[in-house]
$ cat start.cif   # mmCIF, N, CA and C atoms and all ligand atoms
data_structure
#
loop_
_atom_site.group_PDB
_atom_site.id
_atom_site.type_symbol
_atom_site.label_atom_id
_atom_site.label_comp_id
_atom_site.auth_asym_id
_atom_site.auth_seq_id
_atom_site.Cartn_x
_atom_site.Cartn_y
_atom_site.Cartn_z
ATOM 1 N N MET A 179 -33.583 -35.119 -23.233
ATOM 2 C CA MET A 179 -32.679 -34.065 -23.728
ATOM 3 C C MET A 179 -31.281 -34.637 -23.860
ATOM 4 N N CYS A 180 -30.733 -34.610 -25.051
ATOM 5 C CA CYS A 180 -29.418 -35.201 -25.221
ATOM 6 C C CYS A 180 -28.320 -34.206 -24.893
ATOM 7 N N ARG A 181 -27.207 -34.701 -24.469
ATOM 8 C CA ARG A 181 -26.100 -33.833 -24.080
ATOM 9 C C ARG A 181 -24.994 -33.936 -25.103
ATOM 10 N N SER A 182 -25.303 -33.568 -26.331
ATOM 11 C CA SER A 182 -24.301 -33.687 -27.377
ATOM 12 C C SER A 182 -23.243 -32.597 -27.249
ATOM 13 N N MET A 183 -23.561 -31.543 -26.497
ATOM 14 C CA MET A 183 -22.607 -30.464 -26.325
ATOM 15 C C MET A 183 -22.268 -30.278 -24.852
ATOM 16 N N PRO A 184 -21.454 -31.184 -24.318
ATOM 17 C CA PRO A 184 -21.107 -31.078 -22.903
ATOM 18 C C PRO A 184 -20.375 -29.786 -22.619
ATOM 19 N N GLY A 185 -20.666 -29.185 -21.502
ATOM 20 C CA GLY A 185 -19.983 -27.958 -21.159
ATOM 21 C C GLY A 185 -20.768 -26.723 -21.551
ATOM 22 N N LEU A 186 -21.846 -26.932 -22.278
ATOM 23 C CA LEU A 186 -22.661 -25.794 -22.682
ATOM 24 C C LEU A 186 -23.940 -25.748 -21.857
ATOM 25 N N TYR A 187 -23.986 -24.810 -20.954
ATOM 26 C CA TYR A 187 -25.159 -24.664 -20.109
ATOM 27 C C TYR A 187 -25.639 -23.231 -20.181
ATOM 28 N N ARG A 188 -26.934 -23.085 -20.030
ATOM 29 C CA ARG A 188 -27.513 -21.754 -20.152
ATOM 30 C C ARG A 188 -28.226 -21.371 -18.876
ATOM 31 N N ILE A 189 -28.299 -20.077 -18.683
ATOM 32 C CA ILE A 189 -29.131 -19.566 -17.602
ATOM 33 C C ILE A 189 -30.577 -19.942 -17.901
ATOM 34 N N GLY A 190 -31.240 -20.474 -16.904
ATOM 35 C CA GLY A 190 -32.627 -20.893 -17.087
ATOM 36 C C GLY A 190 -32.766 -22.389 -17.303
ATOM 37 N N ASP A 191 -31.635 -23.083 -17.542
ATOM 38 C CA ASP A 191 -31.683 -24.536 -17.657
ATOM 39 C C ASP A 191 -32.165 -25.146 -16.344
ATOM 40 N N ILE A 192 -32.984 -26.174 -16.464
ATOM 41 C CA ILE A 192 -33.341 -26.967 -15.301
ATOM 42 C C ILE A 192 -32.526 -28.246 -15.358
ATOM 43 N N VAL A 193 -31.774 -28.514 -14.280
ATOM 44 C CA VAL A 193 -30.888 -29.667 -14.278
ATOM 45 C C VAL A 193 -31.231 -30.599 -13.120
ATOM 46 N N GLN A 194 -30.909 -31.853 -13.331
ATOM 47 C CA GLN A 194 -31.079 -32.857 -12.284
ATOM 48 C C GLN A 194 -29.703 -33.265 -11.794
ATOM 49 N N MET A 195 -29.505 -33.214 -10.480
ATOM 50 C CA MET A 195 -28.222 -33.561 -9.905
ATOM 51 C C MET A 195 -28.271 -34.975 -9.323
ATOM 52 N N LYS A 196 -27.084 -35.601 -9.256
ATOM 53 C CA LYS A 196 -27.013 -36.964 -8.723
ATOM 54 C C LYS A 196 -27.378 -36.990 -7.248
ATOM 55 N N LYS A 197 -26.936 -35.919 -6.575
ATOM 56 C CA LYS A 197 -27.177 -35.864 -5.140
ATOM 57 C C LYS A 197 -28.460 -35.098 -4.861
ATOM 58 N N ARG A 198 -29.308 -35.676 -4.053
ATOM 59 C CA ARG A 198 -30.567 -35.058 -3.721
ATOM 60 C C ARG A 198 -30.375 -34.021 -2.626
ATOM 61 N N HIS A 199 -31.051 -32.907 -2.756
ATOM 62 C CA HIS A 199 -31.007 -31.886 -1.724
ATOM 63 C C HIS A 199 -31.766 -32.389 -0.498
ATOM 64 N N PRO A 200 -31.346 -31.974 0.698
ATOM 65 C CA PRO A 200 -32.048 -32.414 1.918
ATOM 66 C C PRO A 200 -33.559 -32.180 1.880
ATOM 67 N N CYS A 201 -34.020 -31.207 1.099
ATOM 68 C CA CYS A 201 -35.456 -30.942 1.024
ATOM 69 C C CYS A 201 -36.181 -31.999 0.204
ATOM 70 N N GLY A 202 -35.437 -32.851 -0.509
ATOM 71 C CA GLY A 202 -36.069 -33.942 -1.252
ATOM 72 C C GLY A 202 -36.054 -33.738 -2.756
ATOM 73 N N SER A 203 -35.687 -32.542 -3.172
ATOM 74 C CA SER A 203 -35.670 -32.255 -4.607
ATOM 75 C C SER A 203 -34.287 -32.495 -5.189
ATOM 76 N N ASP A 204 -34.233 -32.952 -6.433
ATOM 77 C CA ASP A 204 -32.936 -33.085 -7.102
ATOM 78 C C ASP A 204 -32.890 -32.221 -8.362
ATOM 79 N N ARG A 205 -33.810 -31.270 -8.441
ATOM 80 C CA ARG A 205 -33.859 -30.383 -9.614
ATOM 81 C C ARG A 205 -33.446 -28.968 -9.237
ATOM 82 N N TRP A 206 -32.662 -28.391 -10.111
ATOM 83 C CA TRP A 206 -32.125 -27.061 -9.858
ATOM 84 C C TRP A 206 -32.250 -26.219 -11.108
ATOM 85 N N GLU A 207 -32.413 -24.921 -10.899
ATOM 86 C CA GLU A 207 -32.400 -23.989 -12.011
ATOM 87 C C GLU A 207 -31.065 -23.254 -12.026
ATOM 88 N N ILE A 208 -30.480 -23.130 -13.202
ATOM 89 C CA ILE A 208 -29.214 -22.412 -13.324
ATOM 90 C C ILE A 208 -29.478 -20.913 -13.382
ATOM 91 N N LEU A 209 -28.895 -20.191 -12.453
ATOM 92 C CA LEU A 209 -29.075 -18.737 -12.408
ATOM 93 C C LEU A 209 -27.866 -18.009 -12.960
ATOM 94 N N ARG A 210 -26.714 -18.651 -12.887
ATOM 95 C CA ARG A 210 -25.507 -18.008 -13.380
ATOM 96 C C ARG A 210 -24.530 -19.067 -13.844
ATOM 97 N N VAL A 211 -23.855 -18.820 -14.944
ATOM 98 C CA VAL A 211 -22.833 -19.739 -15.425
ATOM 99 C C VAL A 211 -21.502 -19.011 -15.515
ATOM 100 N N GLY A 212 -20.448 -19.783 -15.535
ATOM 101 C CA GLY A 212 -19.114 -19.192 -15.580
ATOM 102 C C GLY A 212 -18.158 -20.112 -14.854
ATOM 103 N N MET A 213 -17.194 -19.539 -14.174
ATOM 104 C CA MET A 213 -16.285 -20.361 -13.383
ATOM 105 C C MET A 213 -17.037 -21.012 -12.228
ATOM 106 N N ASP A 214 -18.008 -20.265 -11.730
ATOM 107 C CA ASP A 214 -18.899 -20.807 -10.712
ATOM 108 C C ASP A 214 -20.322 -20.816 -11.250
ATOM 109 N N PHE A 215 -21.076 -21.808 -10.824
ATOM 110 C CA PHE A 215 -22.472 -21.915 -11.217
ATOM 111 C C PHE A 215 -23.344 -21.599 -10.020
ATOM 112 N N ARG A 216 -24.288 -20.706 -10.211
ATOM 113 C CA ARG A 216 -25.250 -20.451 -9.154
ATOM 114 C C ARG A 216 -26.531 -21.189 -9.488
ATOM 115 N N LEU A 217 -26.967 -21.998 -8.538
ATOM 116 C CA LEU A 217 -28.141 -22.830 -8.748
ATOM 117 C C LEU A 217 -29.204 -22.531 -7.706
ATOM 118 N N LYS A 218 -30.445 -22.671 -8.128
ATOM 119 C CA LYS A 218 -31.556 -22.530 -7.192
ATOM 120 C C LYS A 218 -32.298 -23.843 -7.112
ATOM 121 N N CYS A 219 -32.443 -24.329 -5.886
ATOM 122 C CA CYS A 219 -33.181 -25.574 -5.675
ATOM 123 C C CYS A 219 -34.654 -25.330 -5.969
ATOM 124 N N LEU A 220 -35.236 -26.204 -6.800
ATOM 125 C CA LEU A 220 -36.642 -26.024 -7.160
ATOM 126 C C LEU A 220 -37.566 -26.540 -6.059
ATOM 127 N N GLY A 221 -36.992 -27.244 -5.095
ATOM 128 C CA GLY A 221 -37.806 -27.747 -4.001
ATOM 129 C C GLY A 221 -38.027 -26.694 -2.929
ATOM 130 N N CYS A 222 -36.939 -26.042 -2.515
ATOM 131 C CA CYS A 222 -37.036 -25.125 -1.385
ATOM 132 C C CYS A 222 -36.571 -23.717 -1.721
ATOM 133 N N GLY A 223 -36.051 -23.520 -2.910
ATOM 134 C CA GLY A 223 -35.648 -22.180 -3.321
ATOM 135 C C GLY A 223 -34.285 -21.758 -2.833
ATOM 136 N N ARG A 224 -33.556 -22.673 -2.217
ATOM 137 C CA ARG A 224 -32.241 -22.339 -1.691
ATOM 138 C C ARG A 224 -31.240 -22.094 -2.824
ATOM 139 N N LEU A 225 -30.359 -21.120 -2.624
ATOM 140 C CA LEU A 225 -29.339 -20.803 -3.617
ATOM 141 C C LEU A 225 -28.008 -21.396 -3.201
ATOM 142 N N VAL A 226 -27.306 -21.997 -4.158
ATOM 143 C CA VAL A 226 -25.958 -22.493 -3.879
ATOM 144 C C VAL A 226 -25.021 -22.040 -4.975
ATOM 145 N N LEU A 227 -23.741 -22.007 -4.636
ATOM 146 C CA LEU A 227 -22.703 -21.651 -5.584
ATOM 147 C C LEU A 227 -21.763 -22.839 -5.722
ATOM 148 N N LEU A 228 -21.619 -23.343 -6.937
ATOM 149 C CA LEU A 228 -20.777 -24.514 -7.169
ATOM 150 C C LEU A 228 -19.691 -24.165 -8.174
ATOM 151 N N PRO A 229 -18.446 -24.539 -7.873
ATOM 152 C CA PRO A 229 -17.403 -24.423 -8.893
ATOM 153 C C PRO A 229 -17.771 -25.316 -10.082
ATOM 154 N N ARG A 230 -17.435 -24.856 -11.264
ATOM 155 C CA ARG A 230 -17.844 -25.568 -12.472
ATOM 156 C C ARG A 230 -17.515 -27.071 -12.470
ATOM 157 N N PRO A 231 -16.283 -27.460 -12.106
ATOM 158 C CA PRO A 231 -15.959 -28.903 -12.113
ATOM 159 C C PRO A 231 -16.882 -29.706 -11.198
ATOM 160 N N LYS A 232 -17.234 -29.099 -10.069
ATOM 161 C CA LYS A 232 -18.089 -29.786 -9.117
ATOM 162 C C LYS A 232 -19.510 -29.918 -9.674
ATOM 163 N N PHE A 233 -19.939 -28.866 -10.338
ATOM 164 C CA PHE A 233 -21.251 -28.898 -10.963
ATOM 165 C C PHE A 233 -21.319 -30.005 -12.007
ATOM 166 N N GLU A 234 -20.295 -30.054 -12.874
ATOM 167 C CA GLU A 234 -20.320 -31.023 -13.969
ATOM 168 C C GLU A 234 -20.210 -32.449 -13.443
ATOM 169 N N LYS A 235 -19.510 -32.605 -12.338
ATOM 170 C CA LYS A 235 -19.362 -33.920 -11.748
ATOM 171 C C LYS A 235 -20.678 -34.391 -11.121
ATOM 172 N N GLY A 236 -21.397 -33.442 -10.551
ATOM 173 C CA GLY A 236 -22.625 -33.789 -9.854
ATOM 174 C C GLY A 236 -23.851 -33.809 -10.737
ATOM 175 N N LEU A 237 -23.683 -33.336 -11.956
ATOM 176 C CA LEU A 237 -24.826 -33.250 -12.857
ATOM 177 C C LEU A 237 -25.264 -34.627 -13.352
ATOM 178 N N LYS A 238 -26.547 -34.876 -13.287
ATOM 179 C CA LYS A 238 -27.072 -36.108 -13.848
ATOM 180 C C LYS A 238 -27.547 -35.867 -15.267
ATOM 181 N N LYS A 239 -28.428 -34.898 -15.423
ATOM 182 C CA LYS A 239 -28.849 -34.538 -16.778
ATOM 183 C C LYS A 239 -29.500 -33.165 -16.799
ATOM 184 N N VAL A 240 -29.558 -32.625 -18.002
ATOM 185 C CA VAL A 240 -30.295 -31.386 -18.202
ATOM 186 C C VAL A 240 -31.744 -31.762 -18.480
ATOM 187 N N VAL A 241 -32.640 -31.275 -17.639
ATOM 188 C CA VAL A 241 -34.045 -31.632 -17.762
ATOM 189 C C VAL A 241 -34.725 -30.803 -18.841
ATOM 190 N N SER A 242 -34.495 -29.499 -18.802
ATOM 191 C CA SER A 242 -35.070 -28.638 -19.833
ATOM 192 C C SER A 242 -34.192 -27.423 -20.025
ATOM 193 N N THR A 243 -34.347 -26.794 -21.162
ATOM 194 C CA THR A 243 -33.522 -25.658 -21.514
ATOM 195 C C THR A 243 -34.436 -24.604 -22.126
ATOM 196 N N PRO A 244 -34.138 -23.338 -21.934
ATOM 197 C CA PRO A 244 -35.011 -22.306 -22.484
ATOM 198 C C PRO A 244 -35.107 -22.405 -23.999
ATOM 199 N N THR A 245 -36.312 -22.232 -24.523
ATOM 200 C CA THR A 245 -36.494 -22.386 -25.963
ATOM 201 C C THR A 245 -36.264 -21.072 -26.702
ATOM 202 N N ASN A 246 -36.389 -19.962 -25.989
ATOM 203 C CA ASN A 246 -36.255 -18.653 -26.648
ATOM 204 C C ASN A 246 -34.854 -18.083 -26.467
ATOM 205 N N ALA A 247 -33.867 -18.953 -26.472
ATOM 206 C CA ALA A 247 -32.496 -18.519 -26.250
ATOM 207 C C ALA A 247 -31.813 -18.273 -27.581
ATOM 208 N N ASP A 248 -31.969 -17.095 -28.089
ATOM 209 C CA ASP A 248 -31.360 -16.785 -29.379
ATOM 210 C C ASP A 248 -30.415 -15.600 -29.270
ATOM 211 N N ASN A 249 -29.746 -15.505 -28.137
ATOM 212 C CA ASN A 249 -28.796 -14.395 -27.971
ATOM 213 C C ASN A 249 -27.514 -14.780 -28.687
HETATM 214 ZN ZN ZN A 301 -33.926 -27.888 -1.627
#
$ encode --input "start.cif" --output "structure tokens"
Amino acid sequence: MCRSMPGLYRIGDIVQMKKRHPCGSDRWEILRVGMDFRLKCLGCGRLVLLPRPKFEKGLKKVVSTPTNADN
């Protein structure tokens, strides 16, 4: 998945972070976007809230994005 549009993230995106969660997973689902990003760990289901700059700094790549996003 190419990141030709940095800064554009959608609810439902699956992202890979540089830092691995203690549970062993580095994949997260985006639940909320805005000034803060709410993410759910796909390994253990834990929810975290990250300020946008921190999210973008820690992001490795977008793994998948919803295909039916035509809002
Ligand atoms: Zn986890």
$ residues_around --input "start.cif" --residues "Ile208 of chain A" --least-positions-apart "4" --cutoff "6.5 Å" --atoms "all atoms listed in the file" --output "list in words"
Arg188, Ile189, Gly190, Asp191, Ile192, Val193, Arg216, Leu217 and Lys218 of chain A
$ residues_near_ligand --input "start.cif" --ligand "ligand ZN 301 (chain A)" --cutoff "8 Å" --atoms "only N, CA and C atoms and all ligand atoms" --output "list in words"
Arg198, His199, Pro200, Cys201, Gly202, Ser203, Asp204, Arg205, Lys218, Cys219, Leu220, Gly221, Cys222, Gly223, Arg224 and Leu225 of chain A
$ axis_aligned_box --input "start.cif" --around "segment 189-204 of chain A" --padding-each-side "6 Å" --output "AutoDock Vina command-line options"
--center_x -31.6 --center_y -28.3 --center_z -8.4 --size_x 21.2 --size_y 29.4 --size_z 32.6
$ select_by_dssp --input "start.cif" --residues "chain A" --states "alpha helix (DSSP H)" --output "list of chain:residue names"
A:Arg230, A:Pro231, A:Lys232, A:Phe233, A:Glu234, A:Lys235, A:Gly236
$ atom_distance --input "start.cif" --atom1 "atom CA of Leu209 of chain A" --atom2 "atom N of Leu227 of chain A"
10.0 Å
$ atom_distance --input "start.cif" --atom1 "atom CA of Thr245 of chain A" --atom2 "atom CA of Pro231 of chain A"
25.6 Å
$ residues_around --input "start.cif" --residues "Lys196 of chain A" --least-positions-apart "4" --cutoff "6.5 Å" --atoms "only N, CA and C atoms" --output "list in words"
Gly236, Leu237, Lys238 and Lys239 of chain A
$ atom_distance --input "start.cif" --atom1 "atom C of Lys197 of chain A" --atom2 "atom C of Pro244 of chain A"
23.9 Å
$ closest_residue --input "start.cif" --among "A:Gln194, A:Thr243, A:Tyr187, A:Asp214" --to "Val226 of chain A" --atoms "only N, CA and C atoms"
A:Asp214
$ select_by_dssp --input "start.cif" --residues "chain A" --states "strand (DSSP E)" --output "list in words"
Ile192, Val193, Gln194, Met195, Arg205, Trp206, Glu207, Ile208, Leu209, Arg210, Asp214, Phe215, Arg216, Leu217, Lys218, Cys219, Leu225, Val226, Leu227, Leu228, Pro229, Leu237, Lys238, Lys239, Val240, Val241 and Ser242 of chain A
$ decode --input "start.cif" --residues "segment 197-214 of chain A" --atoms "N, CA and C atoms" --output "mmCIF file, in the first residue's frame"
data_model
loop_
_atom_site.group_PDB
_atom_site.id
_atom_site.type_symbol
_atom_site.label_atom_id
_atom_site.label_comp_id
_atom_site.auth_asym_id
_atom_site.auth_seq_id
_atom_site.Cartn_x
_atom_site.Cartn_y
_atom_site.Cartn_z
ATOM 1 N N LYS A 197 6.940 0.574 16.797
ATOM 2 C CA LYS A 197 7.131 -0.015 18.116
ATOM 3 C C LYS A 197 6.130 -1.139 18.330
ATOM 4 N N ARG A 198 6.621 -2.268 18.765
ATOM 5 C CA ARG A 198 5.776 -3.414 18.992
ATOM 6 C C ARG A 198 5.087 -3.302 20.343
ATOM 7 N N HIS A 199 3.832 -3.675 20.387
ATOM 8 C CA HIS A 199 3.106 -3.690 21.644
ATOM 9 C C HIS A 199 3.639 -4.829 22.510
ATOM 10 N N PRO A 200 3.616 -4.657 23.834
ATOM 11 C CA PRO A 200 4.104 -5.728 24.722
ATOM 12 C C PRO A 200 3.475 -7.094 24.448
ATOM 13 N N CYS A 201 2.271 -7.124 23.884
ATOM 14 C CA CYS A 201 1.623 -8.404 23.598
ATOM 15 C C CYS A 201 2.249 -9.094 22.395
ATOM 16 N N GLY A 202 3.095 -8.383 21.642
ATOM 17 C CA GLY A 202 3.794 -9.013 20.520
ATOM 18 C C GLY A 202 3.283 -8.566 19.162
ATOM 19 N N SER A 203 2.168 -7.863 19.167
ATOM 20 C CA SER A 203 1.596 -7.414 17.897
ATOM 21 C C SER A 203 2.064 -6.009 17.561
ATOM 22 N N ASP A 204 2.242 -5.729 16.277
ATOM 23 C CA ASP A 204 2.568 -4.360 15.870
ATOM 24 C C ASP A 204 1.499 -3.810 14.926
ATOM 25 N N ARG A 205 0.344 -4.460 14.926
ATOM 26 C CA ARG A 205 -0.754 -4.017 14.052
ATOM 27 C C ARG A 205 -1.894 -3.432 14.873
ATOM 28 N N TRP A 206 -2.414 -2.346 14.362
ATOM 29 C CA TRP A 206 -3.468 -1.628 15.069
ATOM 30 C C TRP A 206 -4.560 -1.247 14.095
ATOM 31 N N GLU A 207 -5.779 -1.186 14.611
ATOM 32 C CA GLU A 207 -6.889 -0.691 13.819
ATOM 33 C C GLU A 207 -7.228 0.724 14.270
ATOM 34 N N ILE A 208 -7.442 1.607 13.314
ATOM 35 C CA ILE A 208 -7.806 2.982 13.646
ATOM 36 C C ILE A 208 -9.297 3.059 13.945
ATOM 37 N N LEU A 209 -9.623 3.518 15.132
ATOM 38 C CA LEU A 209 -11.027 3.638 15.532
ATOM 39 C C LEU A 209 -11.508 5.072 15.451
ATOM 40 N N ARG A 210 -10.583 6.007 15.576
ATOM 41 C CA ARG A 210 -10.973 7.406 15.527
ATOM 42 C C ARG A 210 -9.816 8.229 14.999
ATOM 43 N N VAL A 211 -10.105 9.202 14.165
ATOM 44 C CA VAL A 211 -9.071 10.101 13.667
ATOM 45 C C VAL A 211 -9.422 11.530 14.046
ATOM 46 N N GLY A 212 -8.420 12.370 14.028
ATOM 47 C CA GLY A 212 -8.631 13.762 14.413
ATOM 48 C C GLY A 212 -7.356 14.284 15.039
ATOM 49 N N MET A 213 -7.494 15.135 16.027
ATOM 50 C CA MET A 213 -6.310 15.616 16.731
ATOM 51 C C MET A 213 -5.651 14.472 17.491
ATOM 52 N N ASP A 214 -6.505 13.581 17.969
ATOM 53 C CA ASP A 214 -6.014 12.364 18.603
ATOM 54 C C ASP A 214 -6.498 11.160 17.809
#
